[in-house]
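**Q** Mind looking over this structure? Questions follow.
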Amino acid sequence: MPAKKNDLQKMNKTPTPHNAAKRGQIAPTVLLPGDPERAEFIAKTFLQDAKMVTNVRGMKGFTGRFDGKPVSVMGSGMGAGSAGIYIYELYNFYGVEAIVRIGTCCSLQKGVKLGAMIFAMTASTDSNYEYQYGLRGHLSPAADFGLLEAAAAFARKNKLAFEAGPIFSSDSYSAYNALGDQVWKSWAKMGCLAQDMETYCLYSQAAFAKKKALSILTNVYDKPAEKGIASDAKALTPMVQTALSLV
């Protein structure tokens with residue numbers, strides 16, 4: 001059975017086993033890249049007065065200000081198993097109201113430009129992650145419309161390439177899936193724009209906690225064409241700028 005809210009409140013102690021920050025050291029809005037080194041780069045490059053607030057197991061988290069507003073950026077690791085722990089604690093223990101995932105993905109549809117952002121409207125999965133919620137069916141978690149609308153408006157205003165639509169979050173990295181191309185091609189036929197590993201988890205946790213979430217992904221690999229680009233600072237800057245516009 002899923003945990004009840006009052007049970008969660010009894011567990012609400014900070015720091016947690018996975019986060020060294022004290023309550024109040026993490027901002028209401030958190031940017032969540034998978035890579036903790038990317039979190040450090042973003043904090044040092046884009047935030048003012050950024051300070052490290054956690055580094056448990058090398059998963060770095062920073063809090064600073066952007067245009068005078070508090071914002072945190074923290075790594076999540078790869079996959080729902082890792083990201084789900086940090087997301088759960090941020091929403092339920094640290095009072096975080098909105099999490100914006102900023103990650104990379106591979107596009108599943110022809111014509112999605114390399115380097116373009118993908119705003120995940122909904123997420124499908126091959127994971128059994130939803131089991132914990134005790135649902136008698138299958139959850140299709142979605143982005144927060146306000147965050148999605150604002151991100152799209154910022155991208156249009158600044159002439160940044162983007163797509164918006166459903167994506168597929170997998171428990172396995174696409175290149176290492178033992179079933180090969182048949183997996184991603186099946187999801188592509190259903191209209192999924194791209195594949196990542198964490199968005200389904202984020203949107204599910206946000207729904208459960210009644211909080212806000214948006215996944216902004218940068219397309220660094222074109223799966224149909226089997227070609228990609230480096231996921232360097234230049235390629236990821238539009239995504240970071242868009243996420244920061246939501247703070």
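To be explicit about the labels: the chains of the structure tokens are called A, B, and onward in the order shown, and within each one the residues are counted from 1, while ligands get numbers from 1 in the order they are shown.
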Excluding same-chain residues fewer than 5 positions from Leu202 in chain A, what lies within 12 Å of it counting only C-alpha atoms, as number ranges by chain?
**A** A: 31-34, 76, 79-91, 98-102, 120, 122-125, 129-130, 140-144, 169, 196-197, 207-216
**Q** Can you tell me, as an MDAnalysis selection string, which residues in range 1-245 of chain A count as strand (DSSP E) by DSSP?
**A** chainID A and resid 29:32 48:54 61:66 69:74 98:107 117:125 162:169 194:196 212:222 227:228
**Q** Could you dump the residues just selected with C-alpha atoms as an mmCIF file, in the first residue's frame?
**A**
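Dumped to part01.cif:
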data_model
loop_
_atom_site.group_PDB
_atom_site.id
_atom_site.type_symbol
_atom_site.label_atom_id
_atom_site.label_comp_id
_atom_site.auth_asym_id
_atom_site.auth_seq_id
_atom_site.Cartn_x
_atom_site.Cartn_y
_atom_site.Cartn_z
ATOM 1 C CA THR A 29 12.253 25.898 -7.215
ATOM 2 C CA VAL A 30 14.920 23.305 -8.032
ATOM 3 C CA LEU A 31 16.639 22.675 -11.357
ATOM 4 C CA LEU A 32 17.476 18.973 -11.586
ATOM 5 C CA GLN A 48 24.757 34.604 -7.948
ATOM 6 C CA ASP A 49 26.113 33.799 -4.467
ATOM 7 C CA ALA A 50 25.779 30.059 -5.071
ATOM 8 C CA LYS A 51 26.772 27.835 -2.163
ATOM 9 C CA MET A 52 26.990 24.058 -1.967
ATOM 10 C CA VAL A 53 24.342 22.756 0.440
ATOM 11 C CA THR A 54 24.749 19.007 -0.090
ATOM 12 C CA GLY A 61 23.424 20.524 -4.723
ATOM 13 C CA PHE A 62 23.718 24.316 -4.698
ATOM 14 C CA THR A 63 21.504 27.234 -3.757
ATOM 15 C CA GLY A 64 21.948 30.754 -5.077
ATOM 16 C CA ARG A 65 19.972 33.515 -6.729
ATOM 17 C CA PHE A 66 18.912 34.297 -10.273
ATOM 18 C CA LYS A 69 15.156 35.097 -6.781
ATOM 19 C CA PRO A 70 16.333 32.025 -4.827
ATOM 20 C CA VAL A 71 16.901 28.869 -6.853
ATOM 21 C CA SER A 72 18.605 25.546 -6.220
ATOM 22 C CA VAL A 73 20.266 23.174 -8.661
ATOM 23 C CA MET A 74 21.056 19.579 -7.767
ATOM 24 C CA ALA A 98 8.511 23.063 -8.398
ATOM 25 C CA ILE A 99 11.189 20.866 -9.955
ATOM 26 C CA VAL A 100 12.400 21.476 -13.496
ATOM 27 C CA ARG A 101 14.357 18.576 -14.924
ATOM 28 C CA ILE A 102 17.069 19.728 -17.310
ATOM 29 C CA GLY A 103 18.494 16.698 -19.051
ATOM 30 C CA THR A 104 19.479 15.163 -22.349
ATOM 31 C CA CYS A 105 17.553 12.749 -24.516
ATOM 32 C CA CYS A 106 17.548 10.946 -27.831
ATOM 33 C CA SER A 107 14.844 11.865 -30.333
ATOM 34 C CA MET A 117 14.673 21.432 -26.627
ATOM 35 C CA ILE A 118 11.843 19.001 -26.000
ATOM 36 C CA PHE A 119 9.177 19.957 -23.477
ATOM 37 C CA ALA A 120 7.674 16.734 -22.167
ATOM 38 C CA MET A 121 3.898 17.150 -21.985
ATOM 39 C CA THR A 122 3.388 13.586 -20.744
ATOM 40 C CA ALA A 123 5.615 10.605 -20.036
ATOM 41 C CA SER A 124 5.106 6.921 -20.782
ATOM 42 C CA THR A 125 7.330 4.174 -19.407
ATOM 43 C CA PHE A 162 11.766 23.369 -29.323
ATOM 44 C CA GLU A 163 9.184 20.622 -29.660
ATOM 45 C CA ALA A 164 6.424 19.734 -27.205
ATOM 46 C CA GLY A 165 4.723 16.388 -26.879
ATOM 47 C CA PRO A 166 4.789 12.975 -25.206
ATOM 48 C CA ILE A 167 8.054 11.253 -24.361
ATOM 49 C CA PHE A 168 9.097 7.770 -23.228
ATOM 50 C CA SER A 169 11.077 7.177 -20.033
ATOM 51 C CA ALA A 194 12.124 11.275 -27.363
ATOM 52 C CA GLN A 195 13.465 8.907 -24.735
ATOM 53 C CA ASP A 196 15.001 9.684 -21.369
ATOM 54 C CA LYS A 212 4.716 21.281 -9.980
ATOM 55 C CA ALA A 213 7.096 19.674 -12.458
ATOM 56 C CA LEU A 214 8.390 20.171 -15.970
ATOM 57 C CA SER A 215 10.959 18.171 -17.895
ATOM 58 C CA ILE A 216 13.012 20.142 -20.417
ATOM 59 C CA LEU A 217 15.291 17.932 -22.478
ATOM 60 C CA THR A 218 17.963 18.744 -25.022
ATOM 61 C CA ASN A 219 18.052 16.432 -28.022
ATOM 62 C CA VAL A 220 21.649 15.236 -28.290
ATOM 63 C CA TYR A 221 21.078 12.072 -30.340
ATOM 64 C CA ASP A 222 18.874 11.444 -33.361
ATOM 65 C CA LYS A 227 23.869 10.662 -35.232
ATOM 66 C CA GLY A 228 24.432 13.006 -32.324
#
**Q** Using CA of Ser170 in chain A and CA of Ser127 in chain A as the two end points, give the distance in Å to one decimal.
**A**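 So the two atoms, CA of Ser170 in chain A and CA of Ser127 in chain A, lie 6.4 Å apart.
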**Q** What does the structure give for the distance between CA of Ser245 in chain A and CA of Met59 in chain A, in Å to one decimal?
**A**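 Between CA of Ser245 in chain A and CA of Met59 in chain A the gap works out to 24.2 Å.
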**Q** With distances taken over only C-alpha atoms, which residue among A:Ile26, A:Ala152, A:Val56, A:Leu114 lies nearest Glu226 in chain A?
**A**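 The closest residue to Glu226 in chain A is A:Leu114.
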**Q** Nearest to Ser231 in chain A: which of A:Arg38, A:Cys201, A:Ala20, A:Lys44 is it, counting only C-alpha atoms?
**A**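 Checking each candidate against Ser231 in chain A, we get A:Arg38 as the closest.
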**Q** What separation in Å, quoted to one decimal, exists between CA of Leu160 in chain A and CA of Ala116 in chain A?
**A**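 Going from CA of Leu160 in chain A over to CA of Ala116 in chain A, I get 7.6 Å.
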**Q** Given only C-alpha atoms as the basis, pick out the residue of A:Ala188, A:Leu246, A:Leu47, A:Ala39 nearest to Gly68 in chain A.
**A**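 Residue with the minimum atom-to-atom distance to Gly68 in chain A: A:Leu47.
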**Q** For the alpha helix (DSSP H) assignment from backbone DSSP, which residues of range 10-226 of chain A qualify? Please present them as a PyMOL selection string.
**A** chain A and resi 10+36-46+80-92+145-157+181-189+199-209
**Q** Do a neighbour search on Thr242 in chain A at 7 Å with only C-alpha atoms, toss out local chain neighbours closer than 2 positions, and write the hits as a list in words.
**A** Ala151, Phe154, Ala155, Pro238, Met239, Val240, Leu244 and Ser245 of chain A
**Q** Please provide the set of residues having any atom within 10 Å of Pro224 in chain A, restricted to only C-alpha atoms, with same-chain residues fewer than 4 positions apart removed, written as a ChimeraX atom specification.
**A** /A:106-111,181,184-185,188
